[in-house]
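K.L.:
Input file: data_3.cif. Contents: mmCIF, C-alpha atoms.
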data_data
loop_
_atom_site.label_atom_id
_atom_site.label_comp_id
_atom_site.auth_asym_id
_atom_site.auth_seq_id
_atom_site.Cartn_x
_atom_site.Cartn_y
_atom_site.Cartn_z
CA MET H 24 -14.81 25.66 12.54
CA THR H 25 -11.68 27.68 13.05
CA GLN H 26 -9.37 24.97 14.37
CA SER H 27 -6.97 23.04 12.21
CA ILE H 28 -8.00 19.39 12.19
CA ASN H 29 -5.39 16.64 11.86
CA ALA H 30 -6.63 13.17 10.93
CA SER H 31 -4.35 10.17 10.52
CA PRO H 32 -4.70 6.39 10.55
CA PHE H 33 -4.17 4.72 13.93
CA LEU H 34 -2.88 1.17 13.51
CA MET H 35 -3.37 -1.29 16.38
CA TYR H 36 -0.90 -4.18 16.16
CA ASP H 37 -0.99 -7.41 18.11
CA GLU H 38 2.67 -6.72 18.79
CA GLY H 39 5.62 -5.28 16.90
CA CYS H 40 4.40 -1.76 16.04
CA LYS H 41 7.88 -0.28 16.42
CA GLU H 42 9.48 -3.00 14.31
CA ALA H 43 6.78 -2.46 11.68
CA ALA H 44 7.31 1.32 11.71
CA ARG H 45 11.08 0.93 11.31
CA PHE H 46 10.46 -1.46 8.42
CA TYR H 47 7.97 0.85 6.67
CA VAL H 48 10.27 3.87 6.88
CA SER H 49 13.05 1.76 5.33
CA VAL H 50 10.79 0.89 2.37
CA PHE H 51 9.76 4.45 1.49
CA PRO H 52 12.41 6.97 0.45
CA ASP H 53 10.76 9.75 2.47
CA GLY H 54 9.92 7.55 5.47
CA ARG H 55 10.76 8.72 8.96
CA ILE H 56 9.96 7.98 12.59
CA VAL H 57 8.24 11.05 14.01
CA SER H 58 8.12 10.08 17.68
CA GLY H 59 7.72 7.21 20.08
CA GLU H 60 11.01 5.35 20.14
CA ASN H 61 10.87 5.47 23.96
CA GLU H 62 7.07 5.30 24.34
CA PRO H 63 4.54 2.45 24.10
CA GLY H 64 3.43 3.55 20.63
CA VAL H 65 5.10 5.08 17.61
CA SER H 66 4.31 7.74 15.03
CA PHE H 67 5.84 7.56 11.56
CA GLU H 68 5.43 9.01 8.09
CA VAL H 69 5.59 7.29 4.72
CA GLY H 70 4.54 8.74 1.40
CA GLY H 71 3.71 12.03 3.08
CA GLN H 72 1.11 10.34 5.32
CA ARG H 73 1.43 10.19 9.10
CA PHE H 74 0.48 6.99 10.90
CA ASP H 75 0.22 6.33 14.61
CA ALA H 76 0.68 2.77 15.86
CA PHE H 77 0.33 0.94 19.14
CA ASP H 78 0.62 -2.65 20.37
CA GLY H 79 -2.80 -3.65 21.62
CA GLY H 80 -2.46 -7.38 22.09
CA SER H 81 -4.36 -10.18 20.45
CA HIS H 82 -7.69 -8.36 20.67
CA PHE H 83 -7.00 -6.60 17.39
CA THR H 84 -6.27 -7.86 13.87
CA PHE H 85 -6.04 -6.15 10.52
CA THR H 86 -8.55 -6.95 7.77
CA GLU H 87 -8.77 -6.06 4.09
CA GLY H 88 -11.42 -3.54 5.12
CA PHE H 89 -8.52 -1.14 5.61
CA SER H 90 -5.55 -0.91 3.27
CA VAL H 91 -2.83 1.55 2.46
CA GLN H 92 -2.78 2.51 -1.21
CA VAL H 93 0.58 3.32 -2.79
CA ARG H 94 0.25 5.09 -6.15
CA CYS H 95 3.24 4.51 -8.43
CA GLU H 96 4.31 6.19 -11.64
CA THR H 97 6.71 3.52 -12.94
CA GLN H 98 6.97 -0.25 -13.02
CA GLU H 99 10.21 0.07 -11.09
CA GLU H 100 8.26 1.70 -8.23
CA VAL H 101 5.56 -0.98 -8.39
CA ASP H 102 8.21 -3.71 -8.26
CA HIS H 103 10.07 -2.04 -5.37
CA PHE H 104 7.06 -1.60 -3.10
CA TRP H 105 5.55 -4.97 -4.03
CA ASP H 106 8.77 -6.87 -3.33
CA ARG H 107 9.76 -5.00 -0.19
CA LEU H 108 6.39 -4.99 1.57
CA VAL H 109 6.04 -8.78 1.45
CA GLU H 110 9.55 -9.36 2.84
CA GLY H 111 9.76 -11.51 5.91
CA GLY H 112 6.48 -13.37 5.62
CA GLY H 113 3.97 -11.21 3.79
CA GLU H 114 1.68 -12.61 1.13
CA HIS H 115 0.65 -11.64 -2.38
CA SER H 116 -2.99 -11.29 -3.27
CA GLN H 117 -4.93 -10.30 -6.40
CA CYS H 118 -5.27 -7.01 -8.27
CA GLY H 119 -2.25 -5.29 -6.76
CA TRP H 120 -3.08 -6.16 -3.14
CA LEU H 121 -0.71 -7.73 -0.64
CA LYS H 122 -0.37 -8.20 3.10
CA ASP H 123 2.81 -7.45 4.94
CA ARG H 124 4.17 -9.76 7.67
CA TRP H 125 2.01 -8.00 10.30
CA GLY H 126 -1.16 -8.56 8.26
CA LEU H 127 -1.62 -4.95 7.11
CA SER H 128 -3.07 -4.77 3.59
CA TRP H 129 -1.46 -2.62 0.91
CA GLN H 130 -2.53 -1.78 -2.64
CA ILE H 131 0.37 -1.14 -5.00
CA VAL H 132 -1.24 0.64 -7.93
CA PRO H 133 0.35 2.24 -10.98
CA ASN H 134 -1.20 5.57 -11.99
CA ALA H 135 -1.45 4.08 -15.49
CA LEU H 136 -4.22 1.78 -14.23
CA TYR H 137 -6.42 4.75 -13.34
CA ARG H 138 -5.74 6.40 -16.69
CA LEU H 139 -6.61 3.18 -18.52
CA MET H 140 -9.71 2.36 -16.47
CA THR H 141 -11.12 5.83 -17.12
CA ASP H 142 -10.26 5.86 -20.83
CA PRO H 143 -12.99 7.56 -22.91
CA ASP H 144 -13.19 4.38 -25.01
CA PRO H 145 -15.22 1.99 -22.82
CA GLU H 146 -13.89 -1.10 -24.60
CA ARG H 147 -10.30 -0.04 -23.98
CA ALA H 148 -11.10 0.62 -20.31
CA LYS H 149 -12.83 -2.77 -20.03
CA ARG H 150 -9.86 -4.62 -21.51
CA ALA H 151 -7.51 -2.93 -19.02
CA THR H 152 -9.83 -3.72 -16.12
CA ASP H 153 -10.22 -7.34 -17.20
CA ALA H 154 -6.44 -7.69 -17.43
CA MET H 155 -5.99 -6.17 -13.95
CA LEU H 156 -8.45 -8.66 -12.48
CA GLN H 157 -6.21 -11.53 -13.64
CA MET H 158 -3.00 -10.13 -12.12
CA ARG H 159 -1.38 -10.31 -8.73
CA LYS H 160 1.35 -7.65 -9.02
CA LEU H 161 0.16 -5.08 -11.56
CA ASP H 162 2.21 -4.86 -14.77
CA ILE H 163 1.97 -1.53 -16.58
CA ALA H 164 3.13 -2.87 -19.97
CA ALA H 165 0.66 -5.77 -19.80
CA LEU H 166 -2.19 -3.43 -18.81
CA GLU H 167 -1.40 -1.11 -21.71
CA ALA H 168 -1.14 -4.04 -24.15
CA ALA H 169 -4.49 -5.36 -22.97
CA ALA H 170 -6.10 -1.94 -23.31
CA ASP H 171 -4.73 -1.67 -26.86
CA GLY H 172 -6.04 -5.15 -27.73
CA ARG H 173 -2.52 -6.57 -28.08
CA ALA H 174 -2.81 -9.12 -25.26
#
Show me this structure written as structure tokens.

P.N.:
Amino acid sequence: MTQSINASPFLMYDEGCKEAARFYVSVFPDGRIVSGENEPGVSFEVGGQRFDAFDGGSHFTFTEGFSVQVRCETQEEVDHFWDRLVEGGGEHSQCGWLKDRWGLSWQIVPNALYRLMTDPDPERAKRATDAMLQMRKLDIAALEAAADGRA
């Protein structure tokens, strides 16, 4: 194949795709509307990922079978994305998952979790994983304490 292939998620909203896109780009520091302000759909970028969105009516709903994962380096980043994405009617779930007010699922995951879950010491990794399974919003300090056997 000699062509350049471009793949991106296409999000079908009941209604409100433009409102959702404007909200998402306000949450992410690098967010921007790419095109569509005067069209039926909208294209936007957050976290370096392009998304295309369209209002399709009540025939379509989001499920947890698709989620957007946001990898964070600091607890401040985890807190920011967790708090902002549930604004206006979203809901918290378990293990770093949440749904925004449009029903789109997000995973807000600190990079520390991946480091801890893949620790060469299987007991340390298990303690971190067990701690994560008890959390809603992931807490880096609590995950590290659990991994170290201090929790």

K.L.:
Near stretch 125-135 of chain H, within 6 Å and counting only C-alpha atoms, which residues show up once chain neighbours fewer than 4 positions away are dropped, as an mmCIF file with C-alpha atoms, in the frame of the given file?

P.N.:
data_model
loop_
_atom_site.group_PDB
_atom_site.id
_atom_site.type_symbol
_atom_site.label_atom_id
_atom_site.label_comp_id
_atom_site.auth_asym_id
_atom_site.auth_seq_id
_atom_site.Cartn_x
_atom_site.Cartn_y
_atom_site.Cartn_z
ATOM 1 C CA PHE H 85 -6.040 -6.150 10.520
ATOM 2 C CA GLU H 87 -8.770 -6.060 4.090
ATOM 3 C CA SER H 90 -5.550 -0.910 3.270
ATOM 4 C CA VAL H 91 -2.830 1.550 2.460
ATOM 5 C CA GLN H 92 -2.780 2.510 -1.210
ATOM 6 C CA VAL H 93 0.580 3.320 -2.790
ATOM 7 C CA ARG H 94 0.250 5.090 -6.150
ATOM 8 C CA CYS H 95 3.240 4.510 -8.430
ATOM 9 C CA GLU H 96 4.310 6.190 -11.640
ATOM 10 C CA GLY H 119 -2.250 -5.290 -6.760
ATOM 11 C CA TRP H 120 -3.080 -6.160 -3.140
ATOM 12 C CA LEU H 121 -0.710 -7.730 -0.640
#

K.L.:
Please check which residues have atoms at most 10 Å from (3.3, -5.0, -12.3) in the file's coordinates, counting only C-alpha atoms, and write them as a list in words.

P.N.:
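Checked against the point, the hits come out as Thr97, Gln98, Glu99, Glu100, Val101, Asp102, Trp105, Cys118, Gly119, Ile131, Val132, Pro133, Met155, Met158, Arg159, Lys160, Leu161, Asp162, Ile163, Ala164, Ala165 and Leu166 of chain H.
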
K.L.:
Could you check which of H:Ile56, H:Ala170, H:Ile28, H:Val50 is closest to H:Phe74, using all atoms listed in the file?

P.N.:
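That would be H:Ile56, the residue with the smallest distance to H:Phe74.
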
K.L.:
Considering only C-alpha atoms, return as a list in words whatever protein or nucleic-acid residues lie within 10 Å of H:Cys40, sequence-local ones (same chain, fewer than 3 positions apart) excluded.

P.N.:
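Once the nearby chain positions are removed, what remains is Leu34, Met35, Tyr36, Asp37, Ala43, Ala44, Arg45, Phe46, Pro63, Gly64, Val65, Ser66, Asp75, Ala76, Phe77, Asp78, Gly79 and Trp125 of chain H.
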
K.L.:
Report the residues retrieved by the PyMOL selection byres ((chain H and resi 51) around 10) from the displayed file, expressed as a PyMOL selection string.

P.N.:
chain H and resi 46-50+52-55+68-71+103-104+107

K.L.:
May I ask for the distance between atom CA of H:Asn61 and atom CA of H:Pro32, given in Å to one decimal place?

P.N.:
20.6 Å

K.L.:
Just give me the gap between atom CA of H:Glu146 and atom CA of H:Gly172 in Å, one decimal is fine.

P.N.:
9.4 Å

K.L.:
When distances are computed from all atoms listed in the file, which of H:Glu42, H:Phe89, H:Phe33, H:Met140 shows the smallest separation from H:Gly111?

P.N.:
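For H:Gly111, the nearest of the candidates is H:Glu42.
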
K.L.:
When you draw a straight line from atom CA of H:Arg73 to atom CA of H:Val57, how long is it in Å?

P.N.:
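The value is 8.4 Å.
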
K.L.:
Which is closest to H:Glu60 among H:Asp153, H:Lys41, H:Asp171, H:Gln72, if we use all atoms listed in the file?

P.N.:
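Among H:Asp153, H:Lys41, H:Asp171, H:Gln72, it is H:Lys41 that comes nearest to H:Glu60.
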
K.L.:
Determine, counting only C-alpha atoms, which protein, DNA and RNA residues have an atom within 9 Å of an atom of H:Asp123; residues of the same chain fewer than 6 positions away are not included. Present the result as a short mmCIF file (atom, residue, chain, number, x, y, z; two decimals) with C-alpha atoms, in the frame of the given file.

P.N.:
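The file below, result14.cif, is the result:
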data_model
loop_
_atom_site.label_atom_id
_atom_site.label_comp_id
_atom_site.auth_asym_id
_atom_site.auth_seq_id
_atom_site.Cartn_x
_atom_site.Cartn_y
_atom_site.Cartn_z
CA ARG H 107 9.76 -5.00 -0.19
CA LEU H 108 6.39 -4.99 1.57
CA VAL H 109 6.04 -8.78 1.45
CA GLU H 110 9.55 -9.36 2.84
CA GLY H 111 9.76 -11.51 5.91
CA GLY H 112 6.48 -13.37 5.62
CA GLY H 113 3.97 -11.21 3.79
CA GLU H 114 1.68 -12.61 1.13
CA HIS H 115 0.65 -11.64 -2.38
CA TRP H 129 -1.46 -2.62 0.91
#

K.L.:
Got a sec to resolve the PyMOL selection byres ((chain H and resi 147) around 12) on this structure and send the residues as a PyMOL selection string?

P.N.:
chain H and resi 136+138-146+148-154+166-174
